[in-house]
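Engineer: Below you'll find final.pdb; it's PDB, C-alpha atoms and all ligand atoms.
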ATOM      1  CA  MET A   1       9.664  53.386   3.536  1.00  0.00           C
ATOM      2  CA  SER A   2       7.632  50.740   1.762  1.00  0.00           C
ATOM      3  CA  ASN A   3      10.655  48.462   2.132  1.00  0.00           C
ATOM      4  CA  ASP A   4      10.547  48.739   5.915  1.00  0.00           C
ATOM      5  CA  LYS A   5       6.828  48.108   5.781  1.00  0.00           C
ATOM      6  CA  ASP A   6       7.276  45.046   3.567  1.00  0.00           C
ATOM      7  CA  GLU A   7       9.941  43.698   5.899  1.00  0.00           C
ATOM      8  CA  ALA A   8       7.732  44.172   8.949  1.00  0.00           C
ATOM      9  CA  ALA A   9       4.828  42.455   7.181  1.00  0.00           C
ATOM     10  CA  ALA A  10       7.041  39.545   6.114  1.00  0.00           C
ATOM     11  CA  ARG A  11       8.358  39.135   9.675  1.00  0.00           C
ATOM     12  CA  LYS A  12       4.826  39.186  11.048  1.00  0.00           C
ATOM     13  CA  GLN A  13       3.843  36.428   8.598  1.00  0.00           C
ATOM     14  CA  LEU A  14       6.898  34.399   9.572  1.00  0.00           C
ATOM     15  CA  VAL A  15       6.079  34.701  13.292  1.00  0.00           C
ATOM     16  CA  GLN A  16       2.428  33.774  12.766  1.00  0.00           C
ATOM     17  CA  GLY A  17       3.558  30.803  10.711  1.00  0.00           C
ATOM     18  CA  LEU A  18       5.878  29.645  13.481  1.00  0.00           C
ATOM     19  CA  GLN A  19       3.060  29.928  16.007  1.00  0.00           C
ATOM     20  CA  ASP A  20       0.936  27.671  13.774  1.00  0.00           C
ATOM     21  CA  ASP A  21       3.888  25.279  13.450  1.00  0.00           C
ATOM     22  CA  LEU A  22       4.144  25.090  17.238  1.00  0.00           C
ATOM     23  CA  ALA A  23       0.401  24.367  17.524  1.00  0.00           C
ATOM     24  CA  ARG A  24       0.844  21.574  14.945  1.00  0.00           C
ATOM     25  CA  GLU A  25       3.739  20.122  16.985  1.00  0.00           C
ATOM     26  CA  TYR A  26       1.516  20.062  20.103  1.00  0.00           C
ATOM     27  CA  LYS A  27      -1.148  18.229  18.105  1.00  0.00           C
ATOM     28  CA  ALA A  28       1.435  15.725  16.817  1.00  0.00           C
ATOM     29  CA  ILE A  29       2.717  15.018  20.349  1.00  0.00           C
ATOM     30  CA  ILE A  30      -0.818  14.284  21.566  1.00  0.00           C
ATOM     31  CA  GLN A  31      -1.761  12.055  18.617  1.00  0.00           C
ATOM     32  CA  TYR A  32       1.482  10.078  18.820  1.00  0.00           C
ATOM     33  CA  ILE A  33       1.105   9.544  22.566  1.00  0.00           C
ATOM     34  CA  ILE A  34      -2.437   8.203  22.161  1.00  0.00           C
ATOM     35  CA  PHE A  35      -2.021   6.212  18.951  1.00  0.00           C
ATOM     36  CA  SER A  36       1.247   4.561  20.066  1.00  0.00           C
ATOM     37  CA  GLN A  37      -0.819   2.996  22.874  1.00  0.00           C
ATOM     38  CA  LYS A  38      -4.050   2.368  20.953  1.00  0.00           C
ATOM     39  CA  LEU A  39      -2.737   0.550  17.879  1.00  0.00           C
ATOM     40  CA  ASP A  40      -3.692  -3.008  18.749  1.00  0.00           C
ATOM     41  CA  LYS A  41      -3.166  -5.263  15.749  1.00  0.00           C
ATOM     42  CA  ALA A  42      -0.072  -7.481  15.654  1.00  0.00           C
ATOM     43  CA  GLN A  43       0.801  -6.147  12.193  1.00  0.00           C
ATOM     44  CA  TYR A  44       1.030  -2.594  13.597  1.00  0.00           C
ATOM     45  CA  MET A  45       3.241  -3.296  16.637  1.00  0.00           C
ATOM     46  CA  ASN A  46       6.367  -2.202  14.804  1.00  0.00           C
ATOM     47  CA  ILE A  47       4.876   1.139  13.774  1.00  0.00           C
ATOM     48  CA  ALA A  48       3.477   1.609  17.310  1.00  0.00           C
ATOM     49  CA  ASP A  49       7.066   1.553  18.599  1.00  0.00           C
ATOM     50  CA  GLN A  50       8.044   4.070  15.928  1.00  0.00           C
ATOM     51  CA  LEU A  51       5.200   6.372  16.992  1.00  0.00           C
ATOM     52  CA  LYS A  52       6.693   6.531  20.490  1.00  0.00           C
ATOM     53  CA  ILE A  53       9.953   7.760  18.958  1.00  0.00           C
ATOM     54  CA  HIS A  54       8.004  10.287  16.876  1.00  0.00           C
ATOM     55  CA  ALA A  55       6.349  11.634  20.048  1.00  0.00           C
ATOM     56  CA  HIS A  56       9.767  12.412  21.561  1.00  0.00           C
ATOM     57  CA  GLN A  57      10.978  14.033  18.351  1.00  0.00           C
ATOM     58  CA  GLU A  58       7.844  16.203  18.082  1.00  0.00           C
ATOM     59  CA  LEU A  59       8.528  17.398  21.636  1.00  0.00           C
ATOM     60  CA  ASP A  60      12.057  18.376  20.571  1.00  0.00           C
ATOM     61  CA  HIS A  61      10.579  20.249  17.592  1.00  0.00           C
ATOM     62  CA  ALA A  62       8.103  22.079  19.821  1.00  0.00           C
ATOM     63  CA  LEU A  63      10.928  23.136  22.148  1.00  0.00           C
ATOM     64  CA  ALA A  64      13.051  24.319  19.227  1.00  0.00           C
ATOM     65  CA  ILE A  65      10.210  26.366  17.694  1.00  0.00           C
ATOM     66  CA  ALA A  66       9.286  27.863  21.088  1.00  0.00           C
ATOM     67  CA  ARG A  67      12.921  28.878  21.562  1.00  0.00           C
ATOM     68  CA  GLN A  68      12.928  30.597  18.167  1.00  0.00           C
ATOM     69  CA  LEU A  69       9.702  32.435  19.002  1.00  0.00           C
ATOM     70  CA  ASP A  70      11.251  33.585  22.270  1.00  0.00           C
ATOM     71  CA  TYR A  71      14.317  34.745  20.335  1.00  0.00           C
ATOM     72  CA  LEU A  72      12.018  36.807  18.103  1.00  0.00           C
ATOM     73  CA  GLY A  73      10.444  38.359  21.201  1.00  0.00           C
ATOM     74  CA  VAL A  74       7.149  36.531  20.854  1.00  0.00           C
ATOM     75  CA  TYR A  75       5.192  34.648  23.526  1.00  0.00           C
ATOM     76  CA  PRO A  76       4.607  31.079  22.238  1.00  0.00           C
ATOM     77  CA  VAL A  77       1.044  29.807  21.724  1.00  0.00           C
ATOM     78  CA  HIS A  78      -0.346  27.202  24.117  1.00  0.00           C
ATOM     79  CA  MET A  79      -3.234  25.630  22.158  1.00  0.00           C
ATOM     80  CA  PRO A  80      -2.743  22.617  19.874  1.00  0.00           C
ATOM     81  CA  LYS A  81      -4.335  22.437  16.421  1.00  0.00           C
ATOM     82  CA  PRO A  82      -7.469  20.233  16.548  1.00  0.00           C
ATOM     83  CA  VAL A  83      -6.451  16.672  17.429  1.00  0.00           C
ATOM     84  CA  GLU A  84      -7.917  13.793  15.386  1.00  0.00           C
ATOM     85  CA  VAL A  85      -8.823  10.628  17.266  1.00  0.00           C
ATOM     86  CA  SER A  86     -10.008   7.208  16.143  1.00  0.00           C
ATOM     87  CA  GLU A  87     -10.327   3.645  17.434  1.00  0.00           C
ATOM     88  CA  ASP A  88      -9.540   2.215  14.021  1.00  0.00           C
ATOM     89  CA  ASN A  89      -5.912   1.219  13.436  1.00  0.00           C
ATOM     90  CA  GLU A  90      -5.710   2.375   9.826  1.00  0.00           C
ATOM     91  CA  GLU A  91      -7.583   5.587  10.539  1.00  0.00           C
ATOM     92  CA  MET A  92      -5.105   6.441  13.303  1.00  0.00           C
ATOM     93  CA  LEU A  93      -2.206   6.008  10.900  1.00  0.00           C
ATOM     94  CA  TRP A  94      -3.979   8.073   8.225  1.00  0.00           C
ATOM     95  CA  ALA A  95      -4.672  10.847  10.722  1.00  0.00           C
ATOM     96  CA  ASP A  96      -0.958  10.945  11.567  1.00  0.00           C
ATOM     97  CA  LEU A  97       0.071  10.795   7.925  1.00  0.00           C
ATOM     98  CA  ARG A  98      -2.254  13.656   6.953  1.00  0.00           C
ATOM     99  CA  ALA A  99      -0.840  15.682   9.844  1.00  0.00           C
ATOM    100  CA  GLU A 100       2.730  15.008   8.669  1.00  0.00           C
ATOM    101  CA  ASP A 101       1.797  15.986   5.095  1.00  0.00           C
ATOM    102  CA  ASP A 102       0.382  19.261   6.376  1.00  0.00           C
ATOM    103  CA  THR A 103       3.362  19.872   8.666  1.00  0.00           C
ATOM    104  CA  ILE A 104       5.884  19.269   5.886  1.00  0.00           C
ATOM    105  CA  ASN A 105       4.086  21.592   3.452  1.00  0.00           C
ATOM    106  CA  ASN A 106       4.086  24.277   6.122  1.00  0.00           C
ATOM    107  CA  TYR A 107       7.774  23.866   7.001  1.00  0.00           C
ATOM    108  CA  ARG A 108       8.673  24.097   3.306  1.00  0.00           C
ATOM    109  CA  GLU A 109       6.911  27.462   3.221  1.00  0.00           C
ATOM    110  CA  ARG A 110       8.473  28.535   6.538  1.00  0.00           C
ATOM    111  CA  ILE A 111      11.996  27.766   5.316  1.00  0.00           C
ATOM    112  CA  ARG A 112      11.389  29.975   2.266  1.00  0.00           C
ATOM    113  CA  GLN A 113      10.033  32.752   4.494  1.00  0.00           C
ATOM    114  CA  ALA A 114      12.947  32.481   6.938  1.00  0.00           C
ATOM    115  CA  GLU A 115      15.499  32.632   4.129  1.00  0.00           C
ATOM    116  CA  ALA A 116      13.726  35.598   2.526  1.00  0.00           C
ATOM    117  CA  ALA A 117      13.814  37.393   5.890  1.00  0.00           C
ATOM    118  CA  GLY A 118      17.550  36.704   6.269  1.00  0.00           C
ATOM    119  CA  GLU A 119      16.907  34.425   9.281  1.00  0.00           C
ATOM    120  CA  ILE A 120      19.558  31.909   8.257  1.00  0.00           C
ATOM    121  CA  ALA A 121      19.947  30.148  11.613  1.00  0.00           C
ATOM    122  CA  LEU A 122      16.180  29.693  11.831  1.00  0.00           C
ATOM    123  CA  ALA A 123      16.125  28.277   8.294  1.00  0.00           C
ATOM    124  CA  GLU A 124      18.838  25.760   9.275  1.00  0.00           C
ATOM    125  CA  ILE A 125      16.898  24.684  12.368  1.00  0.00           C
ATOM    126  CA  LEU A 126      13.744  24.236  10.279  1.00  0.00           C
ATOM    127  CA  LYS A 127      15.668  22.138   7.756  1.00  0.00           C
ATOM    128  CA  GLY A 128      16.743  19.791  10.560  1.00  0.00           C
ATOM    129  CA  ILE A 129      13.130  19.493  11.685  1.00  0.00           C
ATOM    130  CA  ILE A 130      11.699  18.880   8.205  1.00  0.00           C
ATOM    131  CA  THR A 131      14.203  16.058   7.674  1.00  0.00           C
ATOM    132  CA  GLN A 132      12.743  14.262  10.706  1.00  0.00           C
ATOM    133  CA  GLU A 133       9.158  15.030   9.605  1.00  0.00           C
ATOM    134  CA  GLN A 134       9.885  13.350   6.271  1.00  0.00           C
ATOM    135  CA  ASP A 135      11.179  10.324   8.173  1.00  0.00           C
ATOM    136  CA  HIS A 136       7.891  10.231  10.093  1.00  0.00           C
ATOM    137  CA  GLN A 137       6.024  10.464   6.803  1.00  0.00           C
ATOM    138  CA  ILE A 138       8.036   7.531   5.411  1.00  0.00           C
ATOM    139  CA  ASP A 139       7.363   5.389   8.529  1.00  0.00           C
ATOM    140  CA  LEU A 140       3.604   6.001   8.329  1.00  0.00           C
ATOM    141  CA  ALA A 141       3.312   5.644   4.559  1.00  0.00           C
ATOM    142  CA  THR A 142       5.294   2.403   4.672  1.00  0.00           C
ATOM    143  CA  ALA A 143       2.989   0.987   7.360  1.00  0.00           C
ATOM    144  CA  LEU A 144      -0.008   1.948   5.195  1.00  0.00           C
ATOM    145  CA  GLY A 145       1.564   0.730   1.947  1.00  0.00           C
ATOM    146  CA  VAL A 146       1.390   4.099   0.162  1.00  0.00           C
ATOM    147  CA  VAL A 147       3.882   6.544  -1.365  1.00  0.00           C
ATOM    148  CA  PRO A 148       5.358   8.884   1.272  1.00  0.00           C
ATOM    149  CA  ASP A 149       5.344  12.081  -0.829  1.00  0.00           C
ATOM    150  CA  SER A 150       1.834  13.541  -0.538  1.00  0.00           C
ATOM    151  CA  ARG A 151       2.186  15.380  -3.857  1.00  0.00           C
ATOM    152  CA  ILE A 152       2.602  12.072  -5.689  1.00  0.00           C
ATOM    153  CA  ARG A 153      -0.194  10.479  -3.636  1.00  0.00           C
ATOM    154  CA  ARG A 154      -2.501  13.357  -4.571  1.00  0.00           C
ATOM    155  CA  GLU A 155      -1.745  12.894  -8.292  1.00  0.00           C
ATOM    156  CA  LYS A 156      -2.656   9.233  -7.984  1.00  0.00           C
ATOM    157  CA  GLY A 157      -5.859  10.069  -6.105  1.00  0.00           C
ATOM    158  CA  GLY A 158      -7.137   7.790  -3.397  1.00  0.00           C
ATOM    159  CA  LYS A 159      -7.284   7.960   0.355  1.00  0.00           C
ATOM    160  CA  GLY A 160      -5.769  10.612   2.540  1.00  0.00           C
ATOM    161  CA  LYS A 161      -6.001  13.411   0.009  1.00  0.00           C
ATOM    162  CA  LYS A 162      -7.676  15.923   2.276  1.00  0.00           C
TER     163      LYS A 162
HETATM  164 FE    FE A 201       7.475  17.866  14.457  1.00  0.00          FE
HETATM  165 FE    FE A 202       6.395  14.516  12.605  1.00  0.00          FE
END
Using structure tokens, write down the structure that the file contains.
Ligand SMILES: [Fe+2]
Ligand SMILES: [Fe+2]

Structural biologist:
Amino acid sequence: MSNDKDEAAARKQLVQGLQDDLAREYKAIIQYIIFSQKLDKAQYMNIADQLKIHAHQELDHALAIARQLDYLGVYPVHMPKPVEVSEDNEEMLWADLRAEDDTINNYRERIRQAEAAGEIALAEILKGIITQEQDHQIDLATALGVVPDSRIRREKGGKGKK
């Protein structure tokens, strides 16, 4: 009996996690739409074009997560996580990079949860998404001149650690 209970609890955690992931995707879409237009220094024009591509990819992620929630019989959330805004070029990029760091850490956890729950197809979908999130992280970190992996950045200290 406790096994059934554990399984139900694990599934509930997985679903709640996916809802949070979807809310983070909404936030990412909004930030990328705004920042791709607001970056205004010549040195950031290249990354501004990349942010437009990110916005489209985040929309694909949101659709994929919503589809998985529907599959699990759950009504997808509609509110984004709190969006960060800034007028400062570097601050915009840091806001996006922090969001990607957070997103990647969460998808790592979600993949473990999905595999533990025997949701293999879901785990595969999440692995496809996290690969693109890491690409986003690389684009932003490169534009800012920092190491993409947040765990290494945190060890070194410095900006963007929150
Ligand atoms: Fe995403
Ligand atoms: Fe992303």

Engineer: Would you kindly translate the PyMOL selection byres (((chain A and resi 130) around 12) and not hetatm) into the concrete residues it picks from this file, as a VMD selection string?

Structural biologist: chain A and resid 21 25 57 to 58 61 100 to 111 123 to 129 131 to 137

Engineer: Next, write the just-selected residues to a file, as a compact mmCIF listing (two decimals), in the coordinates of the input, keeping C-alpha atoms as the atom set.

Structural biologist:
# COMPACT_ATOMS: atom_id res chain seq x y z
CA ASP A 21 3.89 25.28 13.45
CA GLU A 25 3.74 20.12 16.98
CA GLN A 57 10.98 14.03 18.35
CA GLU A 58 7.84 16.20 18.08
CA HIS A 61 10.58 20.25 17.59
CA GLU A 100 2.73 15.01 8.67
CA ASP A 101 1.80 15.99 5.10
CA ASP A 102 0.38 19.26 6.38
CA THR A 103 3.36 19.87 8.67
CA ILE A 104 5.88 19.27 5.89
CA ASN A 105 4.09 21.59 3.45
CA ASN A 106 4.09 24.28 6.12
CA TYR A 107 7.77 23.87 7.00
CA ARG A 108 8.67 24.10 3.31
CA GLU A 109 6.91 27.46 3.22
CA ARG A 110 8.47 28.54 6.54
CA ILE A 111 12.00 27.77 5.32
CA ALA A 123 16.12 28.28 8.29
CA GLU A 124 18.84 25.76 9.28
CA ILE A 125 16.90 24.68 12.37
CA LEU A 126 13.74 24.24 10.28
CA LYS A 127 15.67 22.14 7.76
CA GLY A 128 16.74 19.79 10.56
CA ILE A 129 13.13 19.49 11.68
CA THR A 131 14.20 16.06 7.67
CA GLN A 132 12.74 14.26 10.71
CA GLU A 133 9.16 15.03 9.60
CA GLN A 134 9.88 13.35 6.27
CA ASP A 135 11.18 10.32 8.17
CA HIS A 136 7.89 10.23 10.09
CA GLN A 137 6.02 10.46 6.80

Engineer: Have a look at A:Asp70, A:Asp20, A:Asp149, A:Glu90 and name the one nearest to A:Asp40; count all atoms listed in the file.

Structural biologist: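 Comparing A:Asp70, A:Asp20, A:Asp149, A:Glu90 against A:Asp40, the winner is A:Glu90.
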
Engineer: Taking 6 positions as the minimum chain separation for residues in the same chain, which residues sit within 10 Å of stretch 75-81 of chain A when counting only C-alpha atoms? Answer as number ranges by chain.

Structural biologist: A: 15-16, 18-30, 62, 65-69

Engineer: Looking at all atoms listed in the file, which of A:Ile152, A:Leu14, A:Leu140, A:Leu122 is the one that sits closest to ligand FE 202 (chain A)?

Structural biologist: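 Between A:Ile152, A:Leu14, A:Leu140, A:Leu122, the residue approaching ligand FE 202 (chain A) most closely is A:Leu140.
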
Engineer: With distances taken over all atoms listed in the file, which residue among A:Ala48, A:Ala114, A:Ala10, A:Leu97 lies nearest ligand FE 202 (chain A)?

Structural biologist: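 The shortest atom-to-atom distance to ligand FE 202 (chain A) comes from A:Leu97.
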
Engineer: Hey, which of A:Thr142, A:Asn89, A:Ser150, A:Gln113 ends up closest to A:Ala42? Count all atoms listed in the file.

Structural biologist: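 Under the stated criterion, the closest residue is A:Asn89.
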
Engineer: Enter the distance from atom CA of A:Gly17 to atom CA of A:Ala141, in Å, rounded to one decimal.

Structural biologist: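 Between these atoms lies a distance of 25.9 Å.
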